[in-house]
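Notes for the one structure printed next.
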Amino acid sequence: MQSVNEYYSAVQLRSDRWAALREATDALAQGGNDRHIAAVKKRVEQLWTALEVIEPYWAFPGMQAFDYMRRQYASGHFEDLAYSVHRALRALTSGAYRRRHIPLDKDSSEKDEQDDEAMLSPEARAMTKPYFEVLIVDDVNEHQERWLKSNVTRMRRPEDPFQYEAVVVPSLEDALIAVLFNHNIQAIVVRPGLTLKSKLEMPLLSRYLDHAERQDELDSLRPRDYGPELCRLIAKVRPELDAYLVTERSVEDIAGLDLGICRRVFYNQEDFMELHLNILRGVQARYKTPFFTALVNYSKQPTGVFHAMPISRGKSITRSHWIQDMGAFYGPNIFLAETSATSGGLDSLLEPHGPIKEAQELASRAFGSKQTFFATNGTSTCNKIVVQALVRPGDIVLVDRDCHKSHHYGMVLAGAQVCYLDSYPLNEYSMYGAVPLHDIKKQLLELKAAGKLDRVRMLLLTNCTFDGIVYNVERIMEECLAIKPDLVFLWDEAWFAFARFNPTYRTRTAMSAANVLRERLRSPEHAKAYEKQKAKLKDADDATLLKTRLIPPPTARVRVYGTQSTHKTLTALRQGSMIHVNDQDFKGEVEQSFHEAYMTHTSTSPNYQIIASLDVGRRQVELEGFEFVQRQIEAAMSMRRAISTHPLLQKYFKVLTAGDMIPEAHRESGVESYYEPEQGWTDLWDCWEKDEFVLDPTRVTLAVGGTGWDGDTFKTQILMDKYGIQINKTSRNTVLFMTNIGTTRSSVAYLIEVLVEIAKSLDDLLDDASKMERLAFNRRVRNLMEDLPPLPDFSRFHDAFRADNGTPEGDIRTAFFLSYDENNCDYLELNGSLKEAMDAGQEIVSASFIIPYPPGFPILVPGQVVSQEILSFMRALDVSEIHGYRPDLGLRVFTQEALAKLGRAKLATAAE
């Protein structure tokens, strides 16, 4: 039996322990010699011990059924026991316990086939009532527990929209473990009899507990404060849940307390029916999907269509003799809901007043923003909307150089003076990391020294990066606000929408960090800390400021925007995205310009299916995002462990660890790998709390150079063409496997099988290879893993596009539109005229965005000087897709005459 350290989560441990128990009880039922039976019994008893500390936190099968199975074992009824375990595991695996009561004895007339969730059609599953569990926290005996559960059961009515079961735990610590462990829990009832400490002990459960509480603070609590404190603690780890506090304290005692997620307080003795109705109402508030429901209702109305869109209600398809296959493929509902109407119960995305407005408000609650806006054109459009709304011509914007191309084009549209920031390079793997905080502070201080800080408008960073590097968002905003208290932050979280729904990830999201900062800046403790540091740093030089963790003034304004590709990491149709706003000055300064920018970039004919999917995707993550994200992380962790420990795979592949992708200077915790065979799993919490950068474990970067194939070839010719495995990010010698909330353990297993098959085929190939073939293979591997061109930094903007030589910002807009006149441009060949011109000492300036895939961001922008490093990198590129580059003509550059003319015009303007 695997040790507890082999498991990343207790959910995975529970699942595997039940599967192992089924195998063991089946073996008992089959019998055998005494020695065999004794060995199997020992294993069964080990599994009982492992499960008995986990099962109290779940309603199914429940401790009463669990004890029933243990009595079957103790009395030697092994066949009955095997049957009971089989039914329990089947129901757990299929989810049948969510639909109906599952009897575990052989006398039941129900058939096993009914337990299989897969036997139900999607329509049948949609008709079943959703199931959840309610956690009751009270230290009661077995008789009182049965009384509590029976009272809850008696409240059920046929018209209830949901069904639920109760789980009873005795202590505050048990409740914290339960909500971090049991994803079925949607509501918590906190009664006055709860105690503080858990009586159960298990290392894996202790790991959950350590993340939710500060032991010294809990030990100082009085018993009467346990209930309110529990509500506050749960609000920190699972803010989407509802809590109901039953108390004997007076109204006056409770009124001034922070009760976290508590929705209602019941005094003295709860009214079970009132409690029942409140629980259902609380879940219904998250379950509702205003726009999706409106669209469904619209599709059912008999409507005469006398406006645009022949496809509306499917008329142009059903009447066709040639495109019936399209109607058969998609089915009727998608066409019944296809419309451009904004009335009849629907709404306008451009001016929402009805269900779209309500859906956006619900999304704002779910993601922790102050305002949320839907977009149906992808996050590229979201980025341009935010930039246009906030940046005025001439404003200085600090931009991560390797951010998505939409930001670079957004700078052109806004007329920003762009100050590019370089991420640290990972030359060994031909990829970039992220921008160190030291470099951001240094640039801000240089702009301050140059007297330009008032023109600095925004800091724009990608969190997390495509490769999974995650910033310490809170610290970056904190220290930058200490230098410029009104700085606006735009965090591109295109790949990070799921992060809100995991307690560890949430702390590094833009909206969570913004809320934490807003609360902290208001506190008296922060004001004192600021004044103390202000006095200490009086007359401090920049070197001192760069080494100090700066504290922002209490008057700093928290102005944070986050753009998310909901469709990339959550359930939404392609291009479904959201803009989240947490800006203290939005109402007074930005709202009107944001509205205009939104109008500029948003289609007047938005796709209602996309909007409806955003609404439903929000519902899903509020009710089961915690579960799905946990399973996503488990799948990625399983993949890491399987590849890292397989002796054959280690010959050709390497899973890149945090130590490989984040320099030691940025890993204060010292954590290098999330999994080590000798030690098991590393606790993520420590590094996610301390480190400047962390690695998102759901992104598994695999070095494949050892196979002799480059990343692009391995992706297309091996994984996709041969095995049907899709990925979309490679570097010269790596491929990126991204897990998501739809990734299953079966998918991970298939991937491992494929990698093993590839490794075996390479073994066979090399075993039969001649000496020269082996030398050729080794040469390819060396070329991919050792002979790598260094990644170039951003060079600089040409002087013609800079206001002065003091600071590096440049006018990208002027350069972009200067290239529209073909007389200003020429083409130079990489291996010919371009190299010759640069060797002769000419300054060559790019007239276009040059974006190779991979890495997928501009290595040159309009107005940028081509450096020798960039030229060497471009010549070494062996990718087939380079946007902006013409292989038949060469690199598009500005002529020397155009640059000289622009320079003269600039001098003339300055003289005036």
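Lettering and numbering for the structure tokens are positional, with chains as A, B, ... in the shown order, residues counted from 1 in each chain, and ligands counted from 1 in the shown order.
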Could you give me, as a PyMOL selection string, each residue of stretch 729-875 of chain A that DSSP assigns to helix (DSSP H, G or I) when run on this structure's backbone?
-> chain A and resi 745-767+771-785+799-801+812-818+822-824+833-839+868-875
Extract, using only C-alpha atoms, all DNA, RNA and protein residues at most 8 Å from stretch 577-591 of chain A, discarding same-chain residues fewer than 2 positions from it, and format them as a PyMOL selection string.
-> chain A and resi 364+367+369-379+382+389-390+511+514-515+557-567+575+593-595+614
Interatomic distance, atom CA of A:Leu860 to atom CA of A:Gly394 (Å, one decimal) |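 Result for atom CA of A:Leu860 versus atom CA of A:Gly394: 21.2 Å, one decimal.
For A:Val167, the list of residues within 8 Å, based on only C-alpha atoms and with local chain neighbours fewer than 4 positions off taken out, reads Pro56, Tyr57, Trp58, Ala59, Glu133, Val134, Leu135 and Ile136 of chain A.
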Let me see the file: selected residues, N, CA and C atoms, as a tab-separated table (two decimals), in the first residue's frame.
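Here's the written file out.tsv:
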chain	number	residue	atom	x	y	z
A	56	PRO	N	-15.46	10.46	8.28
A	56	PRO	CA	-16.34	11.35	9.05
A	56	PRO	C	-16.65	12.67	8.36
A	57	TYR	N	-15.90	13.02	7.33
A	57	TYR	CA	-16.10	14.31	6.68
A	57	TYR	C	-17.01	14.22	5.45
A	58	TRP	N	-17.60	13.04	5.22
A	58	TRP	CA	-18.45	12.84	4.05
A	58	TRP	C	-19.80	12.27	4.48
A	59	ALA	N	-20.84	12.65	3.74
A	59	ALA	CA	-22.18	12.14	4.04
A	59	ALA	C	-22.39	10.75	3.47
A	133	GLU	N	-23.98	18.79	0.22
A	133	GLU	CA	-23.94	18.38	1.62
A	133	GLU	C	-23.83	19.61	2.51
A	134	VAL	N	-24.45	19.49	3.68
A	134	VAL	CA	-24.45	20.57	4.67
A	134	VAL	C	-23.63	20.12	5.86
A	135	LEU	N	-22.68	20.94	6.25
A	135	LEU	CA	-21.82	20.62	7.39
A	135	LEU	C	-22.43	21.21	8.66
A	136	ILE	N	-22.72	20.37	9.63
A	136	ILE	CA	-23.21	20.83	10.93
A	136	ILE	C	-22.07	20.67	11.93
Residue set, stretch 674-875 of chain A restricted to strand (DSSP E or B), as a PyMOL selection string = chain A and resi 675-676+680-681+693-695+699-703+730+734-738+797+810-811+825-828+845-846+850-853+860+864-865
Considering only C-alpha atoms, state which residue in the set A:Leu92, A:Leu241, A:Val40, A:Ile385 is at the smallest distance from A:Arg286.
->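 The answer is A:Leu241, which sits nearest to A:Arg286.
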Quick one: everything within 10 Å of A:Val516, counting only C-alpha atoms, minus sequence neighbours fewer than 5 positions away in the same chain. Send it as a ChimeraX atom specification.
-> /A:474,507,511,521
Put those residues in a file: all heavy atoms, as a compact mmCIF listing (two decimals), in the first residue's frame.
# COMPACT_ATOMS: atom_id res chain seq x y z
N GLU A 474 0.44 40.66 -4.82
CA GLU A 474 0.23 41.59 -3.72
C GLU A 474 1.49 42.39 -3.43
O GLU A 474 1.46 43.61 -3.26
CB GLU A 474 -0.20 40.82 -2.47
CG GLU A 474 -0.51 41.69 -1.27
CD GLU A 474 -0.87 40.85 -0.05
OE1 GLU A 474 -1.45 39.75 -0.22
OE2 GLU A 474 -0.54 41.28 1.07
N THR A 507 -4.64 33.57 -3.51
CA THR A 507 -3.86 34.65 -2.92
C THR A 507 -3.02 35.39 -3.95
O THR A 507 -2.61 36.52 -3.71
CB THR A 507 -2.92 34.09 -1.83
OG1 THR A 507 -2.06 33.10 -2.41
CG2 THR A 507 -3.72 33.44 -0.71
N MET A 511 -7.61 40.20 -8.27
CA MET A 511 -8.75 40.69 -7.50
C MET A 511 -8.58 40.40 -6.00
O MET A 511 -8.88 41.24 -5.15
CB MET A 511 -10.04 40.06 -8.01
CG MET A 511 -10.45 40.51 -9.40
SD MET A 511 -10.69 42.31 -9.58
CE MET A 511 -9.21 42.78 -10.50
N LEU A 521 -4.69 48.97 3.70
CA LEU A 521 -4.40 50.39 3.65
C LEU A 521 -5.28 51.20 4.60
O LEU A 521 -4.92 52.30 5.03
CB LEU A 521 -4.54 50.93 2.23
CG LEU A 521 -3.48 50.48 1.22
CD1 LEU A 521 -3.83 50.95 -0.18
CD2 LEU A 521 -2.11 50.97 1.63
Pick out the residues sitting within 10 Å of A:Ser603, and hand them over as an NGL selection string; count only C-alpha atoms, and ignore anything fewer than 2 positions along from it in its own chain.
-> :A and (349-350 or 375-377 or 598-601 or 605-607)
Write the selection just made, keeping all heavy atoms, as a CSV table (one decimal), in the first residue's frame?
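See out22.csv below for the written result:
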chain,number,residue,atom,x,y,z
A,349,LEU,N,-25.7,43.6,-24.6
A,349,LEU,CA,-24.4,43.6,-24.0
A,349,LEU,C,-23.7,44.9,-23.9
A,349,LEU,O,-23.0,45.3,-23.0
A,349,LEU,CB,-23.4,42.6,-24.8
A,349,LEU,CG,-22.0,42.4,-24.3
A,349,LEU,CD1,-22.0,41.8,-22.9
A,349,LEU,CD2,-21.2,41.6,-25.2
A,350,LEU,N,-24.1,45.8,-24.9
A,350,LEU,CA,-23.5,47.2,-24.9
A,350,LEU,C,-24.2,48.1,-23.9
A,350,LEU,O,-23.5,49.0,-23.4
A,350,LEU,CB,-23.6,47.7,-26.3
A,350,LEU,CG,-22.8,47.0,-27.4
A,350,LEU,CD1,-23.2,47.6,-28.8
A,350,LEU,CD2,-21.3,47.1,-27.2
A,375,ALA,N,-17.0,39.7,-22.4
A,375,ALA,CA,-16.6,40.0,-23.7
A,375,ALA,C,-16.7,38.8,-24.6
A,375,ALA,O,-16.5,37.6,-24.1
A,375,ALA,CB,-15.1,40.4,-23.7
A,376,THR,N,-17.1,38.9,-25.8
A,376,THR,CA,-17.3,37.8,-26.7
A,376,THR,C,-16.3,37.8,-27.8
A,376,THR,O,-16.4,37.1,-28.8
A,376,THR,CB,-18.7,37.8,-27.3
A,376,THR,OG1,-18.9,39.1,-28.1
A,376,THR,CG2,-19.8,37.8,-26.3
A,377,ASN,N,-15.2,38.6,-27.7
A,377,ASN,CA,-14.1,38.6,-28.7
A,377,ASN,C,-12.8,38.2,-28.2
A,377,ASN,O,-11.8,38.5,-28.7
A,377,ASN,CB,-14.0,40.1,-29.3
A,377,ASN,CG,-15.3,40.6,-29.7
A,377,ASN,OD1,-16.2,41.0,-29.0
A,377,ASN,ND2,-15.4,40.8,-31.1
A,598,TYR,N,-15.2,50.2,-24.5
A,598,TYR,CA,-16.0,49.0,-24.6
A,598,TYR,C,-16.8,49.1,-25.9
A,598,TYR,O,-16.9,48.1,-26.7
A,598,TYR,CB,-16.9,48.9,-23.4
A,598,TYR,CG,-17.5,47.5,-23.2
A,598,TYR,CD1,-16.8,46.5,-22.7
A,598,TYR,CD2,-18.8,47.3,-23.5
A,598,TYR,CE1,-17.4,45.2,-22.5
A,598,TYR,CE2,-19.4,46.0,-23.3
A,598,TYR,CZ,-18.7,45.0,-22.8
A,598,TYR,OH,-19.3,43.8,-22.6
A,599,MET,N,-17.4,50.2,-26.2
A,599,MET,CA,-18.2,50.4,-27.4
A,599,MET,C,-17.3,50.3,-28.6
A,599,MET,O,-17.7,49.7,-29.7
A,599,MET,CB,-18.9,51.8,-27.4
A,599,MET,CG,-20.0,51.9,-26.4
A,599,MET,SD,-21.5,51.0,-26.9
A,599,MET,CE,-22.7,51.5,-25.7
A,600,THR,N,-16.1,50.8,-28.5
A,600,THR,CA,-15.2,50.7,-29.7
A,600,THR,C,-14.8,49.3,-30.1
A,600,THR,O,-14.8,49.0,-31.3
A,600,THR,CB,-13.9,51.5,-29.3
A,600,THR,OG1,-14.1,52.8,-28.9
A,600,THR,CG2,-12.9,51.5,-30.5
A,601,HIS,N,-14.6,48.5,-29.2
A,601,HIS,CA,-14.1,47.1,-29.5
A,601,HIS,C,-15.1,46.0,-29.4
A,601,HIS,O,-14.8,44.9,-29.8
A,601,HIS,CB,-12.9,46.8,-28.5
A,601,HIS,CG,-11.8,47.7,-28.7
A,601,HIS,ND1,-10.8,47.5,-29.7
A,601,HIS,CD2,-11.4,48.8,-28.0
A,601,HIS,CE1,-9.9,48.5,-29.6
A,601,HIS,NE2,-10.2,49.3,-28.6
A,605,SER,N,-23.2,42.9,-32.6
A,605,SER,CA,-23.9,41.6,-32.7
A,605,SER,C,-23.2,40.5,-31.9
A,605,SER,O,-22.7,39.6,-32.5
A,605,SER,CB,-24.0,41.2,-34.2
A,605,SER,OG,-24.7,42.2,-35.0
A,606,PRO,N,-23.2,40.7,-30.6
A,606,PRO,CA,-22.4,39.7,-29.8
A,606,PRO,C,-23.1,38.3,-29.9
A,606,PRO,O,-24.4,38.3,-30.0
A,606,PRO,CB,-22.4,40.3,-28.4
A,606,PRO,CG,-23.7,41.1,-28.4
A,606,PRO,CD,-23.8,41.7,-29.8
A,607,ASN,N,-22.4,37.3,-29.7
A,607,ASN,CA,-22.9,35.9,-29.8
A,607,ASN,C,-23.6,35.6,-28.4
A,607,ASN,O,-22.9,35.5,-27.4
A,607,ASN,CB,-21.8,34.9,-30.1
A,607,ASN,CG,-22.3,33.5,-30.3
A,607,ASN,OD1,-22.9,32.9,-29.4
A,607,ASN,ND2,-22.2,33.0,-31.5
Between atom CA of A:Gly415 and atom CA of A:Ala450 lies a distance of 20.9 Å
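Atom CA of A:Ile311 is positioned 26.2 Å from atom CA of A:Lys357.
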Shell around stretch 687-701 of chain A at 7 Å using only C-alpha atoms, local window under 3 positions removed, as a PyMOL selection string = chain A and resi 467-472+632-633+636-637+655-656+658+662+666-669+671+684+734-739
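The smallest atom-to-atom distance between A:His404 and any of A:Leu550, A:Val387, A:Leu445, A:Ile851, using only C-alpha atoms, is found for A:Ile851.
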